[in-house]
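A.B. asks: Let me give you the structure first, and then I'll get to my questions.
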Amino acid sequence: MQLEVSNRQIIKIAGPICLALIIPQINHITNTAFVGRLGEFELAANGIAGIFYLVMYMIAYGLNNGMQVLIARRAGQQQFSGIGQLFSNGIQLGLLFSGLAILLTLLAAPWFFSKALHDQHIISAAVSFIRIRIWGLPFLMLLNMANAFYIGSGHSKVLVITSLFQEMMNIFFDYTLIFGMLGFPYMGLNGAATASVIAEVTGCGVALSILFIKKYHIRYSLFNYLKINWSIIRNILNVSAPLIVQFLFSIGGWFVFFIFIEHLGERPLAVSNMIRSIFGFFGIFTWALAAACNTMVSNIIGQGRPELVFPIIRRIVWISVGCATTVCVLVNLFPYTLLHIYTNNADLITAAIPSIRIITLSTILMAVAAVVMSGVVGTGNTRINLITEIVAVIGYLLYCDIVIERMRSELQWAWGADFIYWTVIFGMSYWYLRSGRWKGKEI
């Protein structure tokens, strides 16, 4: 429950998170590869609809990160009942948010796609996809609450088990429903949406079952505080709400980026979806280490040892940069092999290579910036993260508007927007940590 500053401790926390993240990314690669076999149009529609769902998912992800910080702080303070209070109230808050997100999607998504996109066929396919996909959100929300508990309390190994069950279901139903195999109906692109919903229901069921099998629900009083405690709710929202808005800005900016790309045509959108899948997979090392940084910083502060915050962040940054550099070299050596996973179209592969070269460089910058920003999250002052995100996204979208919409530049220069984004993230996060204004903050 009380963590130490060492490479072994970092790997002990980040390793299971990394494995848990690898499995969903393998699923996403498989999903995109299956859809890519349907055609370039389906690949493009899947990309834009998938990003829209990610925007809705950011509500769950922001709540997850806030809960993770709070649970890790209570773990460092050895307050087991406090963990139970956070978990019980967090579940109720998460279900409320997911219900609102479903309502918003069903009412607003068709109108939004019709106004933002140019290709009527992509609009129709994206609306059909998202109307199915959004029903997985409540189960994903509950899964994220369970994961926040497992990571924050030092039981991150459980994530591997839940992710494995989840993605086995996803890959099976991707294959059977997209192509109509083994007696299942042919659903095409909508089959991918249905498979993802089934997988999220499975992952949620497994994650919650383990709470009871391992008797964590007794040890931490996880379901003893189901009566809403408004002071706990306010505390959760005080930490989580800025993160939710931050991640909505982040993925929202990315969604606008994909809308800009759609304006360039179907092929750039299809290429961008493949690239998103590739670097979603290779980015897991950075995001796992960032999650470990978040938890360790909060835990150490909870122990009353704030002087160890910078040593933790430095250690994790060096490991993150090492992983990102290795990935950068491998991707640049074997880009054709990676792209052949998604398509056999030689022209599509050739069109993707220049963008691959640009993005591999930005992943090294991301390896530093994402960890430093997670260090800020761990201090509990998430409003700083929100301000940082807003400034970064504004710079990102200004670049996109000038380079993509006005100059109509080639796709690889569009992806150069990542350099603007991560530079701002690193600069502002590092400045805040160096300022020492986070010291003494209670959450």
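Convention: chains lettered A, B, ... in structure tokens order; per-chain residue numbering from 1; ligands numbered from 1 as shown.
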For Ile349 of chain A, work out the shell of residues within 8 Å, counting only C-alpha atoms and skipping chain neighbours fewer than 6 positions away, then give it as JSON, numbers by chain.
C.D. replies: {"A": [271, 336, 339, 340, 343]}
A.B. asks: Mind checking which residues fall within 9 Å of Tyr421 of chain A, counting only C-alpha atoms, ignoring those fewer than 4 positions away in the same chain, and posting them as a PyMOL selection string?
C.D. replies: chain A and resi 389+391-396+417+425-426
A.B. asks: Take the residues that were just selected and, keeping C-alpha atoms, output them as a PDB file, in the first residue's frame.
C.D. replies:
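Wrote it out as selection_23.pdb, contents follow:
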ATOM      1  CA  GLU A 389      -4.711  21.030 -21.996  1.00  0.00           C
ATOM      2  CA  VAL A 391      -3.667  25.945 -24.199  1.00  0.00           C
ATOM      3  CA  ALA A 392      -2.187  22.873 -25.948  1.00  0.00           C
ATOM      4  CA  VAL A 393      -5.397  22.094 -27.859  1.00  0.00           C
ATOM      5  CA  ILE A 394      -5.790  25.708 -28.982  1.00  0.00           C
ATOM      6  CA  GLY A 395      -2.257  25.616 -30.416  1.00  0.00           C
ATOM      7  CA  TYR A 396      -2.954  22.199 -31.956  1.00  0.00           C
ATOM      8  CA  ALA A 417       0.429  19.109 -35.107  1.00  0.00           C
ATOM      9  CA  ILE A 425       2.062  20.020 -22.497  1.00  0.00           C
ATOM     10  CA  PHE A 426       5.650  19.468 -21.398  1.00  0.00           C
TER      11      PHE A 426
END
A.B. asks: Please report as a tab-separated table every residue of segment 373-442 of chain A lying within 9 Å of segment 49-68 of chain A, along with the nearest atom pair and their distance in Å (one decimal), using only C-alpha atoms.
C.D. replies:
residue	atom	partner	partner_atom	distance
A:Val377	CA	A:Gly66	CA	8.1
A:Gly378	CA	A:Gln68	CA	8.9
A:Gly380	CA	A:Gly66	CA	8.3
A:Thr382	CA	A:Gly66	CA	8.4
A.B. asks: Report as a list in words all protein, DNA and RNA residues lying within 9 Å of Ile151 of chain A, evaluated on only C-alpha atoms, omitting residues in the same chain fewer than 6 positions from it.
C.D. replies: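 In the requested form, the answer reads Ile13, Ile17, Gln68, Ile71, Ala72, Lys157, Val158, Leu159, Ala291, Ala292 and Thr295 of chain A.
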A.B. asks: Find the residues around Ile358 of chain A up to 8 Å (only C-alpha atoms counted), leave out those fewer than 2 positions away in its own chain, and share them as a list in words.
C.D. replies: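 Here the qualifying residues turn out to be Pro354, Ser355, Ile356, Thr360, Leu361, Ser362, Gln412, Trp413, Trp415 and Gly416 of chain A.
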A.B. asks: Quick one: DSSP alpha helix (DSSP H) residues in segment 123-167 of chain A, as number ranges by chain?
C.D. replies: A: 123-133, 137-152, 158-167
A.B. asks: Do you have the atom CA of Thr423 of chain A-atom CA of Ala370 of chain A distance handy?
C.D. replies: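 Atom CA of Ala370 of chain A lies at a distance of 10.4 Å from atom CA of Thr423 of chain A.
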A.B. asks: Mind pulling up the distance from atom CA of Leu143 of chain A to atom CA of Ser240 of chain A?
C.D. replies: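 Between these atoms lies a distance of 16.5 Å.
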A.B. asks: I'd like the contact shell of Tyr220 of chain A - 6 Å cut-off, only C-alpha atoms, skipping same-chain residues fewer than 4 positions apart - returned as a PDB file with C-alpha atoms, in the first residue's frame.
C.D. replies:
ATOM      1  CA  PHE A  80      -9.118   1.526   3.887  1.00  0.00           C
ATOM      2  CA  SER A  81     -12.621   2.808   4.661  1.00  0.00           C
ATOM      3  CA  GLY A  84     -14.580   2.114   0.051  1.00  0.00           C
ATOM      4  CA  TYR A 216     -11.624  -7.013  -1.789  1.00  0.00           C
TER       5      TYR A 216
END
A.B. asks: In Å, with one decimal, what is the gap from atom CA of Met145 of chain A to atom CA of Gly94 of chain A?
C.D. replies: 7.8 Å
A.B. asks: Pick from A:Ile312, A:Leu86, A:Ala146, A:Ala45: nearest to Trp230 of chain A, with only C-alpha atoms counted?
C.D. replies: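 Among the listed residues, A:Leu86 lies closest to Trp230 of chain A.
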A.B. asks: Looking at only C-alpha atoms, which of A:Ile284, A:Ala351, A:Ala125, A:Leu164 is the one that sits closest to Leu269 of chain A?
C.D. replies: A:Ala351
A.B. asks: Name all residues at most 12 Å from Thr326 of chain A (count only C-alpha atoms; drop same-chain ones fewer than 4 positions away) and give them as number ranges by chain.
C.D. replies: A: 282-283, 285, 319-322, 330-333, 360-361, 363-364, 367
A.B. asks: Restricting it to C-alpha atoms, dump the selection as a PDB file, in the first residue's frame.
C.D. replies:
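Full text of out-v1.pdb as output:
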ATOM      1  CA  PHE A 282       3.085   1.429 -29.422  1.00  0.00           C
ATOM      2  CA  GLY A 283       1.985   4.282 -27.148  1.00  0.00           C
ATOM      3  CA  PHE A 285       4.385   1.806 -22.923  1.00  0.00           C
ATOM      4  CA  ILE A 319      12.351   4.416 -18.893  1.00  0.00           C
ATOM      5  CA  SER A 320       9.628   5.949 -21.075  1.00  0.00           C
ATOM      6  CA  VAL A 321      12.127   7.577 -23.454  1.00  0.00           C
ATOM      7  CA  GLY A 322      14.027   4.292 -23.772  1.00  0.00           C
ATOM      8  CA  LEU A 330      11.578  -0.547 -35.139  1.00  0.00           C
ATOM      9  CA  VAL A 331       8.678   1.230 -36.849  1.00  0.00           C
ATOM     10  CA  ASN A 332      11.014   3.073 -39.217  1.00  0.00           C
ATOM     11  CA  LEU A 333      12.810  -0.175 -40.088  1.00  0.00           C
ATOM     12  CA  THR A 360       7.626   8.264 -34.803  1.00  0.00           C
ATOM     13  CA  LEU A 361       9.589  11.387 -33.880  1.00  0.00           C
ATOM     14  CA  THR A 363       6.306   9.743 -29.890  1.00  0.00           C
ATOM     15  CA  ILE A 364       9.676  10.476 -28.228  1.00  0.00           C
ATOM     16  CA  ALA A 367       7.201   9.858 -23.890  1.00  0.00           C
TER      17      ALA A 367
END
A.B. asks: Write out as a PyMOL selection string the residues lying within 8 Å of Gln85 of chain A, counting only C-alpha atoms and excluding same-chain residues fewer than 2 positions away.
C.D. replies: chain A and resi 81-83+87-89+221-222+224-225+232
A.B. asks: Output the selection as an mmCIF file, in the first residue's frame - C-alpha atoms for each residue.
C.D. replies:
data_model
loop_
_atom_site.group_PDB
_atom_site.id
_atom_site.type_symbol
_atom_site.label_atom_id
_atom_site.label_comp_id
_atom_site.auth_asym_id
_atom_site.auth_seq_id
_atom_site.Cartn_x
_atom_site.Cartn_y
_atom_site.Cartn_z
ATOM 1 C CA SER A 81 -12.621 2.808 4.661
ATOM 2 C CA GLY A 82 -11.852 5.947 2.671
ATOM 3 C CA ILE A 83 -11.181 3.762 -0.378
ATOM 4 C CA PHE A 87 -15.472 3.484 -4.782
ATOM 5 C CA SER A 88 -19.177 3.327 -3.833
ATOM 6 C CA ASN A 89 -19.852 6.958 -4.675
ATOM 7 C CA SER A 221 -15.703 -1.941 2.389
ATOM 8 C CA LEU A 222 -16.303 -1.281 -1.307
ATOM 9 C CA ASN A 224 -20.777 -0.378 2.326
ATOM 10 C CA TYR A 225 -21.361 3.256 1.390
ATOM 11 C CA ILE A 232 -17.370 12.510 -1.152
#
